[in-house]
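Dropping work12.csv in here (CSV, C-alpha atoms and all ligand atoms):
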chain,number,residue,atom,x,y,z
A,365,MET,CA,-35.6,-33.6,-6.7
A,366,ASN,CA,-33.7,-36.8,-7.5
A,367,GLY,CA,-35.1,-40.0,-6.1
A,368,ALA,CA,-34.3,-41.2,-2.6
A,369,GLY,CA,-30.9,-42.8,-2.3
A,370,GLU,CA,-29.7,-41.6,-5.6
A,371,MET,CA,-27.1,-39.1,-4.6
A,372,LEU,CA,-26.1,-36.8,-7.4
A,373,THR,CA,-22.4,-36.9,-8.4
A,374,GLY,CA,-20.0,-35.1,-10.7
A,375,ILE,CA,-21.5,-33.1,-13.5
A,376,CYS,CA,-25.0,-34.0,-12.5
A,377,LEU,CA,-24.4,-32.7,-9.0
A,378,VAL,CA,-23.3,-29.4,-10.4
A,379,THR,CA,-26.1,-29.1,-13.0
A,380,GLY,CA,-28.7,-30.2,-10.4
A,381,ALA,CA,-27.5,-27.5,-8.1
A,382,ALA,CA,-27.6,-24.9,-10.9
A,383,GLU,CA,-31.2,-25.9,-11.8
A,384,PHE,CA,-32.3,-25.9,-8.1
A,385,ALA,CA,-30.7,-22.5,-7.4
A,386,ALA,CA,-32.0,-20.9,-10.7
A,387,ARG,CA,-35.6,-22.0,-9.7
A,388,ARG,CA,-35.3,-20.9,-6.1
A,389,HIS,CA,-34.0,-17.4,-7.1
A,390,THR,CA,-36.6,-17.0,-9.9
A,391,GLY,CA,-37.6,-13.3,-10.3
A,392,MET,CA,-34.8,-12.0,-8.1
A,393,ASP,CA,-32.4,-9.3,-9.5
A,394,ARG,CA,-29.0,-8.2,-8.2
A,395,LYS,CA,-28.8,-4.8,-6.6
A,396,GLY,CA,-27.4,-1.9,-8.5
A,397,ARG,CA,-27.4,-0.7,-12.1
A,398,GLY,CA,-28.5,-3.0,-14.9
A,399,ASN,CA,-30.7,-5.2,-12.7
A,400,GLU,CA,-28.9,-8.3,-13.7
A,401,PRO,CA,-30.8,-11.5,-12.8
A,402,TYR,CA,-29.6,-12.9,-9.5
A,403,VAL,CA,-28.7,-16.2,-11.2
A,404,ASN,CA,-25.8,-14.4,-13.0
A,405,HIS,CA,-24.1,-13.9,-9.6
A,406,LEU,CA,-24.5,-17.6,-8.7
A,407,ALA,CA,-23.1,-18.6,-12.1
A,408,GLU,CA,-20.1,-16.3,-11.7
A,409,VAL,CA,-19.3,-17.6,-8.2
A,410,ALA,CA,-19.7,-21.3,-9.3
A,411,ASN,CA,-17.4,-20.7,-12.3
A,412,LEU,CA,-14.7,-18.9,-10.2
A,413,LEU,CA,-14.7,-21.9,-7.9
A,414,ALA,CA,-14.5,-24.4,-10.8
A,415,VAL,CA,-11.6,-22.6,-12.5
A,416,ALA,CA,-9.7,-22.0,-9.3
A,417,THR,CA,-9.9,-25.7,-8.2
A,418,SER,CA,-9.3,-27.0,-11.8
A,419,SER,CA,-12.7,-28.8,-11.9
A,420,LEU,CA,-11.6,-31.2,-9.1
A,421,ASP,CA,-14.3,-30.4,-6.5
A,422,ALA,CA,-17.8,-30.8,-7.9
A,423,GLU,CA,-19.3,-30.5,-4.4
A,424,LEU,CA,-17.7,-27.1,-3.9
A,425,VAL,CA,-19.0,-25.9,-7.3
A,426,ALA,CA,-22.5,-27.2,-6.4
A,427,ALA,CA,-22.2,-25.3,-3.1
A,428,GLY,CA,-21.2,-22.2,-5.1
A,429,TRP,CA,-24.5,-22.4,-7.0
A,430,LEU,CA,-26.5,-22.9,-3.9
A,431,HIS,CA,-24.6,-20.5,-1.5
A,432,ASP,CA,-27.4,-18.0,-1.2
A,433,THR,CA,-30.4,-20.4,-1.2
A,434,ILE,CA,-30.8,-20.6,2.6
A,435,GLU,CA,-30.1,-16.9,3.2
A,436,ASP,CA,-32.4,-15.5,0.4
A,437,THR,CA,-35.0,-18.2,-0.4
A,438,GLU,CA,-37.2,-20.7,1.3
A,439,THR,CA,-34.6,-23.5,1.5
A,440,THR,CA,-33.5,-25.6,4.4
A,441,ARG,CA,-30.2,-27.4,5.2
A,442,GLU,CA,-32.1,-30.7,5.2
A,443,GLU,CA,-33.4,-30.1,1.7
A,444,LEU,CA,-29.9,-29.4,0.5
A,445,ALA,CA,-28.4,-32.4,2.4
A,446,GLU,CA,-31.0,-34.7,0.8
A,447,GLY,CA,-30.5,-33.5,-2.7
A,448,PHE,CA,-26.8,-32.7,-2.7
A,449,GLY,CA,-25.2,-34.4,0.3
A,450,ALA,CA,-24.1,-33.3,3.8
A,451,ARG,CA,-20.9,-31.6,2.8
A,452,VAL,CA,-22.6,-29.3,0.2
A,453,ALA,CA,-25.4,-28.5,2.8
A,454,ASP,CA,-22.8,-27.8,5.5
A,455,ILE,CA,-20.8,-25.4,3.4
A,456,VAL,CA,-23.9,-23.5,2.4
A,457,VAL,CA,-24.9,-23.2,6.1
A,458,GLU,CA,-21.4,-21.9,6.9
A,459,VAL,CA,-21.8,-19.1,4.4
A,460,THR,CA,-25.3,-18.2,5.4
A,461,ASP,CA,-25.7,-14.9,7.3
A,462,ASP,CA,-28.2,-14.6,10.2
A,463,MET,CA,-30.6,-12.2,8.5
A,464,SER,CA,-32.3,-11.4,11.8
A,465,LEU,CA,-29.2,-9.3,12.7
A,466,PRO,CA,-28.7,-5.7,11.5
A,467,LYS,CA,-26.3,-5.3,8.5
A,468,ASP,CA,-23.5,-3.8,10.6
A,469,GLN,CA,-23.5,-6.8,13.0
A,470,ARG,CA,-23.7,-9.3,10.1
A,471,ARG,CA,-20.7,-7.6,8.5
A,472,GLN,CA,-18.7,-7.7,11.7
A,473,LYS,CA,-19.6,-11.3,12.3
A,474,GLN,CA,-18.3,-12.2,8.8
A,475,ILE,CA,-14.9,-10.6,9.6
A,476,GLU,CA,-14.6,-12.3,13.0
A,477,GLU,CA,-15.8,-15.8,11.8
A,478,ALA,CA,-14.0,-16.0,8.5
A,479,PRO,CA,-10.7,-17.5,9.9
A,480,HIS,CA,-12.7,-20.4,11.5
A,481,LYS,CA,-14.6,-21.5,8.4
A,482,SER,CA,-13.9,-24.7,6.5
A,483,PRO,CA,-11.6,-24.4,3.4
A,484,GLY,CA,-14.6,-24.7,1.1
A,485,ALA,CA,-16.6,-22.0,2.9
A,486,LYS,CA,-13.5,-19.7,2.7
A,487,LEU,CA,-13.3,-20.1,-1.1
A,488,ILE,CA,-17.0,-19.3,-1.5
A,489,LYS,CA,-16.6,-16.2,0.6
A,490,ILE,CA,-13.7,-15.0,-1.6
A,491,ALA,CA,-15.5,-15.8,-4.9
A,492,ASP,CA,-18.7,-14.1,-3.5
A,493,LYS,CA,-16.7,-10.9,-2.7
A,494,ILE,CA,-15.0,-10.9,-6.1
A,495,SER,CA,-18.4,-11.2,-7.8
A,496,ASN,CA,-20.0,-8.5,-5.6
A,497,ILE,CA,-17.1,-6.1,-6.2
A,498,ARG,CA,-17.2,-6.6,-10.0
A,499,ALA,CA,-20.9,-5.8,-10.0
A,500,ARG,CA,-20.2,-2.5,-8.3
A,501,ILE,CA,-17.6,-1.4,-10.9
A,502,VAL,CA,-19.7,0.7,-13.3
A,503,PRO,CA,-18.7,3.2,-16.0
A,504,ASP,CA,-18.9,6.8,-14.8
A,505,PRO,CA,-19.9,6.0,-11.2
A,506,ASN,CA,-21.9,8.7,-9.4
A,507,GLU,CA,-21.0,9.8,-5.9
A,508,ALA,CA,-23.3,7.2,-4.2
A,509,GLU,CA,-21.9,4.4,-6.4
A,510,ARG,CA,-18.3,5.4,-5.6
A,511,ALA,CA,-19.0,5.5,-1.8
A,512,ASP,CA,-20.7,2.1,-2.0
A,513,LEU,CA,-17.8,0.6,-3.9
A,514,ALA,CA,-15.2,2.0,-1.5
A,515,ASP,CA,-17.1,0.8,1.5
A,516,TYR,CA,-17.7,-2.6,0.1
A,517,VAL,CA,-14.1,-3.2,-1.0
A,518,ALA,CA,-12.8,-2.1,2.4
A,519,TRP,CA,-15.1,-4.5,4.2
A,520,ALA,CA,-14.5,-7.4,1.7
A,521,GLU,CA,-10.7,-7.1,2.2
A,522,LYS,CA,-11.2,-7.6,6.0
A,523,VAL,CA,-13.3,-10.7,5.4
A,524,VAL,CA,-11.0,-12.1,2.8
A,525,ALA,CA,-8.0,-11.5,5.1
A,526,GLY,CA,-9.4,-14.4,7.2
A,527,CYS,CA,-9.9,-16.6,4.2
A,528,ARG,CA,-6.6,-16.5,2.5
A,529,GLY,CA,-4.1,-19.4,1.9
A,530,VAL,CA,-6.5,-22.0,0.6
A,531,ASN,CA,-6.2,-21.3,-3.1
A,532,ALA,CA,-3.5,-19.0,-4.5
A,533,MET,CA,-5.4,-18.3,-7.8
A,534,LEU,CA,-8.6,-17.1,-6.0
A,535,ASP,CA,-6.5,-15.0,-3.6
A,536,GLN,CA,-4.8,-13.3,-6.6
A,537,THR,CA,-8.1,-12.8,-8.5
A,538,PHE,CA,-9.5,-11.1,-5.4
A,539,ASP,CA,-6.5,-8.8,-5.1
A,540,LYS,CA,-6.7,-7.9,-8.8
A,541,THR,CA,-10.4,-7.2,-8.5
A,542,ALA,CA,-9.9,-5.0,-5.4
A,543,GLU,CA,-7.1,-3.1,-7.2
A,544,LEU,CA,-9.3,-2.6,-10.3
A,545,ALA,CA,-12.1,-1.3,-8.1
A,546,ARG,CA,-9.8,1.2,-6.3
A,547,SER,CA,-8.5,2.5,-9.7
A,548,THR,CA,-12.0,3.6,-10.6
A,549,LEU,CA,-12.5,5.6,-7.3
B,601,ZN,ZN,-23.6,-14.4,-2.9
If you convert what's in this file into C-alpha cells, what do you get?
Ligand code: ZN
Amino acid sequence: MNGAGEMLTGICLVTGAAEFAARRHTGMDRKGRGNEPYVNHLAEVANLLAVATSSLDAELVAAGWLHDTIEDTETTREELAEGFGARVADIVVEVTDDMSLPKDQRRQKQIEEAPHKSPGAKLIKIADKISNIRARIVPDPNEAERADLADYVAWAEKVVAGCRGVNAMLDQTFDKTAELARSTL
C-alpha cells in the first residue's frame, strides 16, 4: 500500500480504496442472475454515497468501496486503518456481519443494531440495501426470484428504518427502490 506515514486523502483515498477492494474481491461474483462481478456492487454503493453527500466525504466513499472487505475477504481492521485511516476502518468494522452466526441471527442483529450505528455506517447500510434490491429486480422473475425479492425488501425495510434521518436523498432513493421492487412482485 502507500508508504508509512503518507495517509491518503481526497481523490487518492477513494481511488486507493477502489483499487484495494477490486483486488481483494478478485474473482468473486454477485449472487443471482447475470453473475455480475462483485466489484460492480462496491462501485454502486460508493457512487450512491458520493452523490448523496455531494462529494463532500471522501472517507465515507472510501468506506463504501471497502465495506465488504473484512466480511468477505482476508482483510483486517488494522490493514484498513493503516492504509485509509481510523475512521474508514471503524466504519467498515461497524458494517461487518459476524459470519460465524447463522443467517437469521445476522439479519436480526442488523435490525436491532442499526439505530445505534454511526451516521456513516447508517448511510452505507442504506446504500448496500439499495444495491442489493436493485440486483434482485430482474425481468420476468420466476417464483423463487419473486420470493427472494419479497423477503429481501421486507427485511431491508426493517434495517433501513433504524438508519433513516441522516441523508434525505438516500432515504428517498431507498423508498423509490423498494417501491419499484414491490411493483414487480
Ligand atoms: Zn455490500
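The shortest atom-to-atom distance to ligand ZN 601 (chain B), with only C-alpha atoms and all ligand atoms taken into account, belongs to A:Glu435 out of A:Glu443, A:Glu435, A:Glu383, A:Asp539.
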Around ligand ZN 601 (chain B), at most 7 Å away and counting only C-alpha atoms and all ligand atoms, which residues are there? Put them as a PyMOL selection string, please. chain A and resi 405-406+431-432+492
Could you state the separation of CA of Arg510 in chain A and CA of Lys540 in chain A in Å, given to one decimal place? 17.9 Å
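All residues of protein, DNA or RNA that reach within 8 Å of range 446-458 of chain A, judged by all atoms listed in the file and not counting those fewer than 6 positions away in the chain, are Met365, Asn366, Met371, Leu372, Leu377, Ala381, Glu423, Leu424, Ala426, Ala427, Leu430, His431, Asp432, Ile434, Lys481, Ser482, Gly484 and Ala485 of chain A.
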Put those residues in a file: C-alpha atoms, as a PDB file, keeping the file's coordinate frame.
ATOM      1  CA  MET A 365     -35.600 -33.600  -6.700  1.00  0.00           C
ATOM      2  CA  ASN A 366     -33.700 -36.800  -7.500  1.00  0.00           C
ATOM      3  CA  MET A 371     -27.100 -39.100  -4.600  1.00  0.00           C
ATOM      4  CA  LEU A 372     -26.100 -36.800  -7.400  1.00  0.00           C
ATOM      5  CA  LEU A 377     -24.400 -32.700  -9.000  1.00  0.00           C
ATOM      6  CA  ALA A 381     -27.500 -27.500  -8.100  1.00  0.00           C
ATOM      7  CA  GLU A 423     -19.300 -30.500  -4.400  1.00  0.00           C
ATOM      8  CA  LEU A 424     -17.700 -27.100  -3.900  1.00  0.00           C
ATOM      9  CA  ALA A 426     -22.500 -27.200  -6.400  1.00  0.00           C
ATOM     10  CA  ALA A 427     -22.200 -25.300  -3.100  1.00  0.00           C
ATOM     11  CA  LEU A 430     -26.500 -22.900  -3.900  1.00  0.00           C
ATOM     12  CA  HIS A 431     -24.600 -20.500  -1.500  1.00  0.00           C
ATOM     13  CA  ASP A 432     -27.400 -18.000  -1.200  1.00  0.00           C
ATOM     14  CA  ILE A 434     -30.800 -20.600   2.600  1.00  0.00           C
ATOM     15  CA  LYS A 481     -14.600 -21.500   8.400  1.00  0.00           C
ATOM     16  CA  SER A 482     -13.900 -24.700   6.500  1.00  0.00           C
ATOM     17  CA  GLY A 484     -14.600 -24.700   1.100  1.00  0.00           C
ATOM     18  CA  ALA A 485     -16.600 -22.000   2.900  1.00  0.00           C
TER      19      ALA A 485
END
Given all atoms listed in the file as the basis, pick out the residue of A:Arg441, A:Lys489, A:Arg546, A:Lys467 nearest to Val517 in chain A.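 Once distances to Val517 in chain A are computed over all atoms listed in the file, the minimum belongs to A:Arg546.
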What separation in Å, quoted to one decimal, exists between CA of Arg394 in chain A and CA of Ala518 in chain A? 20.3 Å
Applying 9 Å and all atoms listed in the file, which residues near Ile375 in chain A remain after dropping the ones on its own chain fewer than 4 positions away? List them as a VMD selection string. chain A and resid 379 to 380 422
Please measure the separation of CA of Thr440 in chain A and CA of Arg388 in chain A, giving the value in Å to one decimal.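 Straight-line distance from CA of Thr440 in chain A to CA of Arg388 in chain A works out to 11.6 Å.
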Using all atoms listed in the file, the residue out of A:Asn411, A:Thr437, A:Thr548, A:Thr417 with shortest distance to Arg387 in chain A is A:Thr437
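For the choices A:Leu544, A:Val459, A:Ala382, A:Val523, the atom-to-atom distance to Ile501 in chain A is smallest for A:Leu544 when using only C-alpha atoms.
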Closest to Phe538 in chain A among A:Ala385, A:Val502, A:Glu507, A:Leu412, using only C-alpha atoms?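 Among A:Ala385, A:Val502, A:Glu507, A:Leu412, it is A:Leu412 that comes nearest to Phe538 in chain A.
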Of the listed residues A:Lys486, A:His480, A:Lys473, A:Arg498, that which approaches Val530 in chain A most closely, counting all atoms listed in the file: A:Lys486
Could I get range 511-535 of chain A rebuilt with N, CA, C and O atoms, written as a CSV table (one decimal), keeping the file's coordinate frame?
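The result, written out as selection31.csv:
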chain,number,residue,atom,x,y,z
A,511,ALA,N,-19.1,5.7,-3.3
A,511,ALA,CA,-19.0,5.5,-1.8
A,511,ALA,C,-19.4,4.1,-1.5
A,511,ALA,O,-18.7,3.4,-0.6
A,512,ASP,N,-20.3,3.5,-2.2
A,512,ASP,CA,-20.7,2.1,-2.0
A,512,ASP,C,-19.6,1.2,-2.3
A,512,ASP,O,-19.3,0.2,-1.6
A,513,LEU,N,-18.9,1.4,-3.4
A,513,LEU,CA,-17.8,0.6,-3.9
A,513,LEU,C,-16.7,0.7,-2.9
A,513,LEU,O,-16.1,-0.4,-2.5
A,514,ALA,N,-16.3,1.9,-2.5
A,514,ALA,CA,-15.2,2.0,-1.5
A,514,ALA,C,-15.5,1.3,-0.2
A,514,ALA,O,-14.6,0.6,0.3
A,515,ASP,N,-16.7,1.5,0.3
A,515,ASP,CA,-17.1,0.8,1.5
A,515,ASP,C,-17.1,-0.7,1.4
A,515,ASP,O,-16.6,-1.4,2.2
A,516,TYR,N,-17.6,-1.2,0.2
A,516,TYR,CA,-17.7,-2.6,0.1
A,516,TYR,C,-16.3,-3.2,0.0
A,516,TYR,O,-16.0,-4.3,0.6
A,517,VAL,N,-15.4,-2.6,-0.8
A,517,VAL,CA,-14.1,-3.2,-1.0
A,517,VAL,C,-13.3,-3.2,0.4
A,517,VAL,O,-12.7,-4.2,0.7
A,518,ALA,N,-13.5,-2.1,1.1
A,518,ALA,CA,-12.8,-2.1,2.4
A,518,ALA,C,-13.2,-3.2,3.4
A,518,ALA,O,-12.4,-3.8,4.0
A,519,TRP,N,-14.5,-3.4,3.4
A,519,TRP,CA,-15.1,-4.5,4.2
A,519,TRP,C,-14.7,-5.9,3.6
A,519,TRP,O,-14.2,-6.8,4.4
A,520,ALA,N,-14.8,-6.1,2.3
A,520,ALA,CA,-14.5,-7.4,1.7
A,520,ALA,C,-13.0,-7.7,2.0
A,520,ALA,O,-12.7,-8.9,2.2
A,521,GLU,N,-12.1,-6.8,2.0
A,521,GLU,CA,-10.7,-7.1,2.2
A,521,GLU,C,-10.5,-7.6,3.6
A,521,GLU,O,-9.7,-8.5,3.9
A,522,LYS,N,-11.3,-7.1,4.6
A,522,LYS,CA,-11.2,-7.6,6.0
A,522,LYS,C,-11.7,-9.0,6.1
A,522,LYS,O,-11.2,-9.9,6.8
A,523,VAL,N,-12.8,-9.3,5.4
A,523,VAL,CA,-13.3,-10.7,5.4
A,523,VAL,C,-12.3,-11.7,4.7
A,523,VAL,O,-12.0,-12.7,5.2
A,524,VAL,N,-11.9,-11.2,3.5
A,524,VAL,CA,-11.0,-12.1,2.8
A,524,VAL,C,-9.6,-12.3,3.5
A,524,VAL,O,-9.0,-13.4,3.3
A,525,ALA,N,-9.2,-11.4,4.3
A,525,ALA,CA,-8.0,-11.5,5.1
A,525,ALA,C,-8.0,-12.8,5.9
A,525,ALA,O,-7.0,-13.5,6.1
A,526,GLY,N,-9.2,-13.2,6.4
A,526,GLY,CA,-9.4,-14.4,7.2
A,526,GLY,C,-9.6,-15.6,6.4
A,526,GLY,O,-9.8,-16.7,6.9
A,527,CYS,N,-9.6,-15.5,5.1
A,527,CYS,CA,-9.9,-16.6,4.2
A,527,CYS,C,-8.8,-17.0,3.3
A,527,CYS,O,-8.8,-18.0,2.5
A,528,ARG,N,-7.7,-16.3,3.4
A,528,ARG,CA,-6.6,-16.5,2.5
A,528,ARG,C,-5.8,-17.8,2.8
A,528,ARG,O,-5.9,-18.3,3.8
A,529,GLY,N,-5.0,-18.2,1.7
A,529,GLY,CA,-4.1,-19.4,1.9
A,529,GLY,C,-4.7,-20.7,1.5
A,529,GLY,O,-3.9,-21.7,1.6
A,530,VAL,N,-5.9,-20.8,1.1
A,530,VAL,CA,-6.5,-22.0,0.6
A,530,VAL,C,-6.2,-22.2,-0.8
A,530,VAL,O,-5.9,-23.3,-1.3
A,531,ASN,N,-6.4,-21.2,-1.6
A,531,ASN,CA,-6.2,-21.3,-3.1
A,531,ASN,C,-5.6,-20.0,-3.6
A,531,ASN,O,-6.2,-18.9,-3.6
A,532,ALA,N,-4.3,-20.2,-4.1
A,532,ALA,CA,-3.5,-19.0,-4.5
A,532,ALA,C,-4.2,-18.2,-5.7
A,532,ALA,O,-4.2,-17.0,-5.7
A,533,MET,N,-4.8,-19.0,-6.6
A,533,MET,CA,-5.4,-18.3,-7.8
A,533,MET,C,-6.6,-17.4,-7.3
A,533,MET,O,-6.7,-16.3,-7.8
A,534,LEU,N,-7.4,-17.9,-6.4
A,534,LEU,CA,-8.6,-17.1,-6.0
A,534,LEU,C,-8.1,-15.9,-5.2
A,534,LEU,O,-8.6,-14.8,-5.3
A,535,ASP,N,-7.1,-16.1,-4.3
A,535,ASP,CA,-6.5,-15.0,-3.6
A,535,ASP,C,-6.0,-13.9,-4.5
A,535,ASP,O,-6.3,-12.7,-4.3
